[in-house]
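Peer 1: One file is attached below, structure34.tsv, containing TSV, N, CA and C atoms and all ligand atoms.
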```
chain	number	residue	atom	x	y	z
N	1432	MET	N	76.81	95.52	101.37
N	1432	MET	CA	77.58	96.54	102.10
N	1432	MET	C	79.05	96.41	101.72
N	1433	LEU	N	79.65	97.54	101.59
N	1433	LEU	CA	81.01	97.62	101.06
N	1433	LEU	C	81.93	98.07	102.19
N	1434	GLU	N	83.05	97.42	102.30
N	1434	GLU	CA	83.97	97.89	103.33
N	1434	GLU	C	84.96	98.87	102.73
N	1435	TYR	N	85.19	99.96	103.46
N	1435	TYR	CA	86.21	100.91	103.03
N	1435	TYR	C	87.55	100.38	103.52
N	1436	THR	N	88.22	99.67	102.64
N	1436	THR	CA	89.46	99.03	103.04
N	1436	THR	C	90.65	99.89	102.67
N	1437	GLY	N	91.75	99.55	103.24
N	1437	GLY	CA	92.97	100.29	102.97
N	1437	GLY	C	93.92	100.05	104.12
N	1438	THR	N	94.94	100.82	104.15
N	1438	THR	CA	95.94	100.66	105.19
N	1438	THR	C	95.64	101.64	106.32
N	1439	VAL	N	95.49	101.09	107.51
N	1439	VAL	CA	95.24	101.94	108.66
N	1439	VAL	C	96.56	102.49	109.18
N	1440	MET	N	96.59	103.78	109.35
N	1440	MET	CA	97.82	104.41	109.85
N	1440	MET	C	97.45	105.66	110.62
N	1441	SER	N	98.43	106.30	111.19
N	1441	SER	CA	98.16	107.53	111.92
N	1441	SER	C	98.04	108.68	110.93
N	1442	TRP	N	97.37	109.74	111.38
N	1442	TRP	CA	97.25	110.92	110.53
N	1442	TRP	C	98.61	111.44	110.11
N	1443	LYS	N	99.53	111.42	111.09
N	1443	LYS	CA	100.86	111.95	110.84
N	1443	LYS	C	101.51	111.22	109.66
N	1444	ARG	N	101.44	109.90	109.72
N	1444	ARG	CA	102.06	109.11	108.67
N	1444	ARG	C	101.33	109.32	107.34
N	1445	ALA	N	100.02	109.35	107.40
N	1445	ALA	CA	99.24	109.52	106.17
N	1445	ALA	C	99.58	110.85	105.51
N	1446	LYS	N	99.70	111.88	106.32
N	1446	LYS	CA	99.97	113.21	105.78
N	1446	LYS	C	101.35	113.29	105.16
N	1447	SER	N	102.34	112.73	105.85
N	1447	SER	CA	103.69	112.82	105.30
N	1447	SER	C	103.78	112.00	104.03
N	1448	ARG	N	103.05	110.90	103.98
N	1448	ARG	CA	103.03	110.08	102.79
N	1448	ARG	C	102.47	110.87	101.61
N	1449	HIS	N	101.38	111.58	101.88
N	1449	HIS	CA	100.75	112.32	100.79
N	1449	HIS	C	101.59	113.51	100.36
N	1450	ARG	N	102.30	114.08	101.31
N	1450	ARG	CA	103.20	115.16	100.94
N	1450	ARG	C	104.30	114.64	100.02
N	1451	ARG	N	104.82	113.47	100.41
N	1451	ARG	CA	105.92	112.87	99.66
N	1451	ARG	C	105.53	112.60	98.20
N	1452	PHE	N	104.31	112.06	98.04
N	1452	PHE	CA	103.89	111.72	96.70
N	1452	PHE	C	103.24	112.90	95.98
N	1453	GLY	N	103.03	113.97	96.73
N	1453	GLY	CA	102.50	115.17	96.12
N	1453	GLY	C	101.14	115.00	95.46
N	1454	GLU	N	100.32	114.15	96.04
N	1454	GLU	CA	99.02	113.91	95.44
N	1454	GLU	C	98.11	115.11	95.64
N	1455	GLU	N	97.39	115.44	94.60
N	1455	GLU	CA	96.45	116.54	94.70
N	1455	GLU	C	95.14	116.14	94.09
N	1456	GLY	N	94.09	116.72	94.58
N	1456	GLY	CA	92.79	116.49	93.97
N	1456	GLY	C	92.04	115.30	94.55
N	1457	HIS	N	92.72	114.20	94.71
N	1457	HIS	CA	92.06	113.03	95.27
N	1457	HIS	C	92.61	112.72	96.65
N	1458	THR	N	91.71	112.63	97.58
N	1458	THR	CA	92.11	112.27	98.93
N	1458	THR	C	91.35	111.00	99.30
N	1459	PHE	N	92.08	110.01	99.71
N	1459	PHE	CA	91.44	108.75	100.08
N	1459	PHE	C	91.60	108.47	101.56
N	1460	LEU	N	91.87	109.52	102.31
N	1460	LEU	CA	92.05	109.32	103.74
N	1460	LEU	C	90.70	109.34	104.43
N	1461	PHE	N	90.47	108.36	105.25
N	1461	PHE	CA	89.22	108.26	105.97
N	1461	PHE	C	89.52	108.26	107.45
N	1462	GLY	N	89.16	109.32	108.13
N	1462	GLY	CA	89.49	109.45	109.54
N	1462	GLY	C	88.65	108.54	110.42
N	1463	LEU	N	89.28	107.92	111.38
N	1463	LEU	CA	88.59	107.07	112.34
N	1463	LEU	C	88.45	107.79	113.66
N	1464	SER	N	87.44	107.39	114.43
N	1464	SER	CA	87.21	108.06	115.70
N	1464	SER	C	88.33	107.77	116.70
N	1465	ASN	N	89.09	106.73	116.47
N	1465	ASN	CA	90.18	106.42	117.40
N	1465	ASN	C	91.45	107.21	117.07
N	1466	GLY	N	91.35	108.14	116.10
N	1466	GLY	CA	92.49	108.97	115.77
N	1466	GLY	C	93.32	108.43	114.63
N	1467	GLY	N	93.07	107.21	114.23
N	1467	GLY	CA	93.78	106.64	113.09
N	1467	GLY	C	93.13	107.09	111.79
N	1468	VAL	N	93.66	106.61	110.71
N	1468	VAL	CA	93.11	106.97	109.42
N	1468	VAL	C	93.32	105.80	108.47
N	1469	ILE	N	92.33	105.56	107.62
N	1469	ILE	CA	92.48	104.53	106.60
N	1469	ILE	C	92.90	105.22	105.31
N	1470	ASP	N	94.00	104.80	104.76
N	1470	ASP	CA	94.44	105.33	103.49
N	1470	ASP	C	93.95	104.40	102.38
N	1471	GLY	N	92.87	104.81	101.75
N	1471	GLY	CA	92.24	103.96	100.74
N	1471	GLY	C	93.01	103.89	99.43
N	1472	SER	N	94.07	104.69	99.32
N	1472	SER	CA	94.84	104.65	98.08
N	1472	SER	C	95.80	103.46	98.08
N	1473	LEU	N	95.91	102.79	99.22
N	1473	LEU	CA	96.76	101.61	99.31
N	1473	LEU	C	95.89	100.38	99.29
N	1474	GLY	N	96.30	99.39	98.59
N	1474	GLY	CA	95.55	98.15	98.56
N	1474	GLY	C	94.35	98.24	97.65
N	1475	CYS	N	93.59	97.17	97.63
N	1475	CYS	CA	92.47	97.07	96.72
N	1475	CYS	C	91.22	97.61	97.40
N	1476	ASN	N	90.62	98.58	96.83
N	1476	ASN	CA	89.49	99.23	97.49
N	1476	ASN	C	88.63	99.93	96.47
N	1477	SER	N	87.49	99.36	96.17
N	1477	SER	CA	86.61	100.01	95.21
N	1477	SER	C	85.79	101.11	95.86
N	1478	ALA	N	85.63	101.05	97.19
N	1478	ALA	CA	84.79	102.04	97.86
N	1478	ALA	C	85.38	103.44	97.77
N	1479	ARG	N	86.68	103.52	97.54
N	1479	ARG	CA	87.29	104.85	97.51
N	1479	ARG	C	86.83	105.64	96.31
N	1480	TRP	N	86.25	104.99	95.33
N	1480	TRP	CA	85.81	105.71	94.14
N	1480	TRP	C	84.41	106.27	94.28
N	1481	LEU	N	83.83	106.13	95.44
N	1481	LEU	CA	82.54	106.78	95.69
N	1481	LEU	C	82.71	108.28	95.52
N	1482	ASN	N	81.76	108.88	94.88
N	1482	ASN	CA	81.83	110.32	94.72
N	1482	ASN	C	81.09	111.03	95.84
N	1483	HIS	N	81.43	112.28	95.98
N	1483	HIS	CA	80.79	113.09	97.00
N	1483	HIS	C	79.49	113.69	96.50
N	1484	ALA	N	78.49	113.72	97.34
N	1484	ALA	CA	77.29	114.52	97.09
N	1484	ALA	C	76.81	115.02	98.44
N	1485	CYS	N	76.29	116.24	98.43
N	1485	CYS	CA	75.86	116.83	99.71
N	1485	CYS	C	74.68	116.06	100.28
N	1486	VAL	N	73.80	115.58	99.40
N	1486	VAL	CA	72.71	114.71	99.84
N	1486	VAL	C	73.02	113.34	99.26
N	1487	ALA	N	73.60	112.49	100.07
N	1487	ALA	CA	74.16	111.24	99.58
N	1487	ALA	C	73.18	110.10	99.71
N	1488	ASN	N	73.40	109.04	98.94
N	1488	ASN	CA	72.55	107.86	99.08
N	1488	ASN	C	73.26	106.75	99.85
N	1489	CYS	N	74.48	107.04	100.28
N	1489	CYS	CA	75.20	106.10	101.13
N	1489	CYS	C	75.83	106.87	102.29
N	1490	GLU	N	76.18	106.14	103.32
N	1490	GLU	CA	76.92	106.77	104.40
N	1490	GLU	C	78.00	105.81	104.87
N	1491	ALA	N	79.02	106.38	105.45
N	1491	ALA	CA	80.10	105.58	105.98
N	1491	ALA	C	79.81	105.28	107.44
N	1492	VAL	N	79.91	104.02	107.79
N	1492	VAL	CA	79.65	103.60	109.17
N	1492	VAL	C	80.93	102.99	109.72
N	1493	GLU	N	81.35	103.51	110.84
N	1493	GLU	CA	82.56	102.98	111.43
N	1493	GLU	C	82.21	101.95	112.50
N	1494	ASP	N	82.86	100.81	112.42
N	1494	ASP	CA	82.60	99.77	113.40
N	1494	ASP	C	83.92	99.14	113.80
N	1495	ASP	N	84.35	99.42	115.00
N	1495	ASP	CA	85.54	98.79	115.55
N	1495	ASP	C	86.76	98.97	114.65
N	1496	GLY	N	86.97	100.20	114.22
N	1496	GLY	CA	88.17	100.49	113.44
N	1496	GLY	C	88.05	100.15	111.97
N	1497	ARG	N	86.90	99.62	111.55
N	1497	ARG	CA	86.69	99.36	110.14
N	1497	ARG	C	85.56	100.25	109.65
N	1498	VAL	N	85.60	100.56	108.38
N	1498	VAL	CA	84.61	101.47	107.83
N	1498	VAL	C	83.81	100.76	106.74
N	1499	TYR	N	82.51	100.84	106.85
N	1499	TYR	CA	81.64	100.23	105.86
N	1499	TYR	C	80.80	101.30	105.18
N	1500	ILE	N	80.51	101.05	103.92
N	1500	ILE	CA	79.64	101.96	103.18
N	1500	ILE	C	78.26	101.33	103.13
N	1501	GLN	N	77.27	102.08	103.62
N	1501	GLN	CA	75.94	101.55	103.77
N	1501	GLN	C	74.96	102.44	103.01
N	1502	ALA	N	74.01	101.83	102.32
N	1502	ALA	CA	73.00	102.61	101.60
N	1502	ALA	C	72.03	103.23	102.60
N	1503	VAL	N	71.67	104.47	102.37
N	1503	VAL	CA	70.72	105.13	103.26
N	1503	VAL	C	69.39	105.37	102.55
N	1504	SER	N	69.34	105.09	101.27
N	1504	SER	CA	68.07	105.19	100.56
N	1504	SER	C	68.05	104.11	99.50
N	1505	ASP	N	66.90	103.89	98.91
N	1505	ASP	CA	66.81	102.86	97.88
N	1505	ASP	C	67.64	103.26	96.68
N	1506	ILE	N	68.44	102.34	96.21
N	1506	ILE	CA	69.34	102.63	95.10
N	1506	ILE	C	68.97	101.73	93.92
N	1507	GLU	N	68.72	102.36	92.80
N	1507	GLU	CA	68.38	101.61	91.59
N	1507	GLU	C	69.65	100.93	91.06
N	1508	PRO	N	69.46	99.77	90.41
N	1508	PRO	CA	70.63	99.14	89.78
N	1508	PRO	C	71.30	100.11	88.80
N	1509	GLY	N	72.59	100.23	88.88
N	1509	GLY	CA	73.31	101.11	87.97
N	1509	GLY	C	73.38	102.55	88.43
N	1510	GLU	N	72.65	102.86	89.48
N	1510	GLU	CA	72.69	104.22	90.00
N	1510	GLU	C	74.04	104.48	90.65
N	1511	GLU	N	74.53	105.70	90.48
N	1511	GLU	CA	75.83	106.02	91.05
N	1511	GLU	C	75.73	106.18	92.56
N	1512	LEU	N	76.76	105.74	93.26
N	1512	LEU	CA	76.76	105.84	94.71
N	1512	LEU	C	77.49	107.10	95.16
N	1513	PHE	N	76.93	107.73	96.16
N	1513	PHE	CA	77.53	108.94	96.70
N	1513	PHE	C	77.60	108.87	98.22
N	1514	ILE	N	78.63	109.43	98.76
N	1514	ILE	CA	78.64	109.69	100.20
N	1514	ILE	C	79.01	111.15	100.40
N	1515	ALA	N	78.62	111.69	101.54
N	1515	ALA	CA	79.05	113.03	101.91
N	1515	ALA	C	80.43	112.89	102.53
N	1516	TYR	N	81.42	113.41	101.86
N	1516	TYR	CA	82.80	113.15	102.28
N	1516	TYR	C	83.11	113.65	103.70
N	1517	GLY	N	82.72	114.89	103.97
N	1517	GLY	CA	83.09	115.43	105.27
N	1517	GLY	C	84.59	115.43	105.46
N	1518	LEU	N	85.30	115.89	104.47
N	1518	LEU	CA	86.76	115.87	104.52
N	1518	LEU	C	87.28	116.83	105.57
N	1519	THR	N	88.38	116.46	106.15
N	1519	THR	CA	89.03	117.37	107.08
N	1519	THR	C	90.41	117.71	106.55
N	1520	THR	N	90.83	118.91	106.81
N	1520	THR	CA	92.18	119.31	106.43
N	1520	THR	C	92.95	119.59	107.71
N	1521	ASP	N	94.19	119.88	107.59
N	1521	ASP	CA	95.00	120.05	108.79
N	1521	ASP	C	94.90	121.46	109.36
N	1522	GLY	N	93.67	121.95	109.48
N	1522	GLY	CA	93.46	123.19	110.21
N	1522	GLY	C	93.37	124.43	109.34
N	1523	ARG	N	94.14	124.48	108.29
N	1523	ARG	CA	94.13	125.66	107.46
N	1523	ARG	C	92.96	125.56	106.48
N	1524	SER	N	92.05	126.50	106.57
N	1524	SER	CA	90.93	126.50	105.65
N	1524	SER	C	91.06	127.72	104.75
N	1525	SER	N	92.08	127.71	103.95
N	1525	SER	CA	92.34	128.84	103.07
N	1525	SER	C	91.41	128.80	101.87
N	1526	ALA	N	91.36	129.88	101.15
N	1526	ALA	CA	90.53	129.94	99.96
N	1526	ALA	C	90.98	128.89	98.95
N	1527	ALA	N	92.28	128.64	98.91
N	1527	ALA	CA	92.80	127.65	97.95
N	1527	ALA	C	92.30	126.26	98.31
N	1528	VAL	N	92.31	125.95	99.61
N	1528	VAL	CA	91.84	124.64	100.05
N	1528	VAL	C	90.35	124.51	99.76
N	1529	ARG	N	89.59	125.56	100.07
N	1529	ARG	CA	88.15	125.50	99.82
N	1529	ARG	C	87.86	125.35	98.34
N	1530	ALA	N	88.67	125.99	97.52
N	1530	ALA	CA	88.46	125.89	96.07
N	1530	ALA	C	88.75	124.48	95.59
N	1531	GLN	N	89.77	123.86	96.17
N	1531	GLN	CA	90.15	122.51	95.75
N	1531	GLN	C	89.05	121.51	96.07
N	1532	TYR	N	88.33	121.75	97.17
N	1532	TYR	CA	87.30	120.80	97.60
N	1532	TYR	C	85.90	121.36	97.41
N	1533	ALA	N	85.76	122.29	96.49
N	1533	ALA	CA	84.44	122.85	96.21
N	1533	ALA	C	83.53	121.75	95.67
N	1534	CYS	N	82.27	121.80	96.06
N	1534	CYS	CA	81.31	120.81	95.58
N	1534	CYS	C	80.43	121.41	94.50
N	1535	ARG	N	80.26	120.65	93.45
N	1535	ARG	CA	79.38	121.07	92.37
N	1535	ARG	C	78.35	119.99	92.08
N	1536	CYS	N	77.81	119.39	93.13
N	1536	CYS	CA	76.88	118.28	92.93
N	1536	CYS	C	75.56	118.76	92.35
N	1537	GLY	N	75.28	120.05	92.48
N	1537	GLY	CA	74.10	120.60	91.84
N	1537	GLY	C	72.80	120.40	92.60
N	1538	HIS	N	72.86	119.75	93.74
N	1538	HIS	CA	71.65	119.54	94.53
N	1538	HIS	C	71.18	120.87	95.11
N	1539	ARG	N	69.86	121.01	95.26
N	1539	ARG	CA	69.37	122.30	95.79
N	1539	ARG	C	69.82	122.52	97.22
N	1540	ARG	N	70.23	121.45	97.91
N	1540	ARG	CA	70.75	121.63	99.26
N	1540	ARG	C	72.26	121.52	99.29
N	1541	CYS	N	72.90	121.76	98.15
N	1541	CYS	CA	74.35	121.68	98.07
N	1541	CYS	C	74.99	122.66	99.05
N	1542	ARG	N	75.98	122.16	99.82
N	1542	ARG	CA	76.67	123.01	100.77
N	1542	ARG	C	77.83	123.75	100.12
N	1543	GLY	N	78.16	123.39	98.89
N	1543	GLY	CA	79.21	124.09	98.18
N	1543	GLY	C	80.61	123.66	98.55
N	1544	THR	N	80.70	122.65	99.41
N	1544	THR	CA	82.02	122.19	99.81
N	1544	THR	C	81.96	120.72	100.19
N	1545	MET	N	83.08	120.04	100.04
N	1545	MET	CA	83.18	118.65	100.49
N	1545	MET	C	83.83	118.58	101.86
N	1546	LEU	N	84.15	119.72	102.42
N	1546	LEU	CA	84.82	119.74	103.72
N	1546	LEU	C	83.79	119.64	104.84
N	1547	ALA	N	84.18	119.00	105.91
N	1547	ALA	CA	83.30	118.86	107.06
N	1547	ALA	C	83.18	120.18	107.81
N	1548	GLY	N	81.99	120.45	108.31
N	1548	GLY	CA	81.79	121.59	109.20
N	1548	GLY	C	82.05	122.94	108.58
N	1549	ALA	N	82.15	123.01	107.28
N	1549	ALA	CA	82.44	124.30	106.64
N	1549	ALA	C	81.14	125.04	106.35
J	1	ZN	ZN	77.13	119.67	96.81
```
Turn the structure described in the file into structure tokens.
Ligand SMILES: [Zn+2]

Peer 2:
Amino acid sequence: MLEYTGTVMSWKRAKSRHRRFGEEGHTFLFGLSNGGVIDGSLGCNSARWLNHACVANCEAVEDDGRVYIQAVSDIEPGEELFIAYGLTTDGRSSAAVRAQYACRCGHRRCRGTMLAGA
């Protein structure tokens, strides 16, 4: 099991940080149920390189403010790991945002987006 490590901070701080650095395309923010967020782009964290798939073979499990990546199906050695990102944005679900997070995993049950609840 892999821990999704990084720097825990508030959404507000994480967002302003990402605005400042102008990062696009890759989001390593992992929202916690307590309202905080783990910024996986800080510190050493291999779990942040998990790719998104609508039907994933791993899932993120939150336990007491920490996030672990857990396999949900049998994974062959060398098989790529996927989680369903369920990304959230700050309310605006514009066509541009949806295009940026469009999913092309190719699965027959593909939802067409990496955004949560879309
Ligand atoms: Zn997909």

Peer 1: Let me make sure I understand: among N:Arg1497, N:Arg1539, N:Arg1529, N:Lys1443, which one has the smallest atom-to-atom distance to ligand ZN 1 (chain J) if we use only N, CA and C atoms and all ligand atoms?

Peer 2: N:Arg1539

Peer 1: At a cut-off of 10 Å and counting only C-alpha atoms and all ligand atoms, what residues surround ligand ZN 1 (chain J)? Please answer as a PyMOL selection string.

Peer 2: chain N and resi 1483-1487+1515+1533-1545

Peer 1: To one decimal in Å, tell me the separation between atom CA of Glu1507 of chain N and atom N of Ala1491 of chain N.

Peer 2: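 Separating atom CA of Glu1507 of chain N from atom N of Ala1491 of chain N is a distance of 18.1 Å.
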
Peer 1: Would you mind telling me which residue in N:Asn1482, N:Ser1464, N:Asn1488, N:Gln1531 lies nearest to Val1503 of chain N when using only C-alpha atoms?

Peer 2: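 Comparing N:Asn1482, N:Ser1464, N:Asn1488, N:Gln1531 against Val1503 of chain N, the winner is N:Asn1488.
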
Peer 1: For atom CA of Gly1509 of chain N and atom N of Ile1469 of chain N, determine how far apart the two atoms are, in Å to one decimal place.

Peer 2: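 Separating atom CA of Gly1509 of chain N from atom N of Ile1469 of chain N is a distance of 27.7 Å.
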
Peer 1: One number please: atom CA of Asp1505 of chain N to atom CA of Glu1493 of chain N, in Å, one decimal.

Peer 2: 20.8 Å

Peer 1: Given the point (91.3, 108.2, 107.9) in the file's coordinates, find the residues that have an atom at most 9 Å from it, counting only C-alpha atoms, and give them as a list in words.

Peer 2: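 Every polymer residue passing the test: Val1439, Met1440, Ser1441, Trp1442, Ala1445, Phe1459, Leu1460, Phe1461, Gly1462, Leu1463, Ser1464, Gly1466, Gly1467, Val1468, Ile1469, Asp1470 and Gly1471 of chain N.
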
Peer 1: Pick out each residue of segment 1485-1546 of chain N that DSSP on the backbone tags as helix (DSSP H, G or I); I need them as a list in words.

Peer 2: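 Residues of segment 1485-1546 of chain N classed as helix (DSSP H, G or I): Ala1526, Ala1527, Val1528, Arg1529, Ala1530 and Gln1531 of chain N.
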
Peer 1: Box in all listed atoms of segment 1485-1497 of chain N, axis-aligned, with 5 Å more on each side; write out centre and edge lengths in Å to one decimal as AutoDock Vina command-line options.

Peer 2:
```
--center_x 80.4 --center_y 107.8 --center_z 107.0 --size_x 25.6 --size_y 28.0 --size_z 27.1
```

Peer 1: I need the residues of segment 1479-1527 of chain N that end up classed as strand (DSSP E or B) by DSSP on the backbone, written out as a ChimeraX atom specification.

Peer 2: /N:1482-1483,1489-1494,1497-1502,1513-1514,1518

Peer 1: Restricting the calculation to only N, CA and C atoms, which member of N:Val1528, N:Val1498, N:Leu1546, N:Cys1489 is positioned closest to Phe1513 of chain N?

Peer 2: N:Cys1489
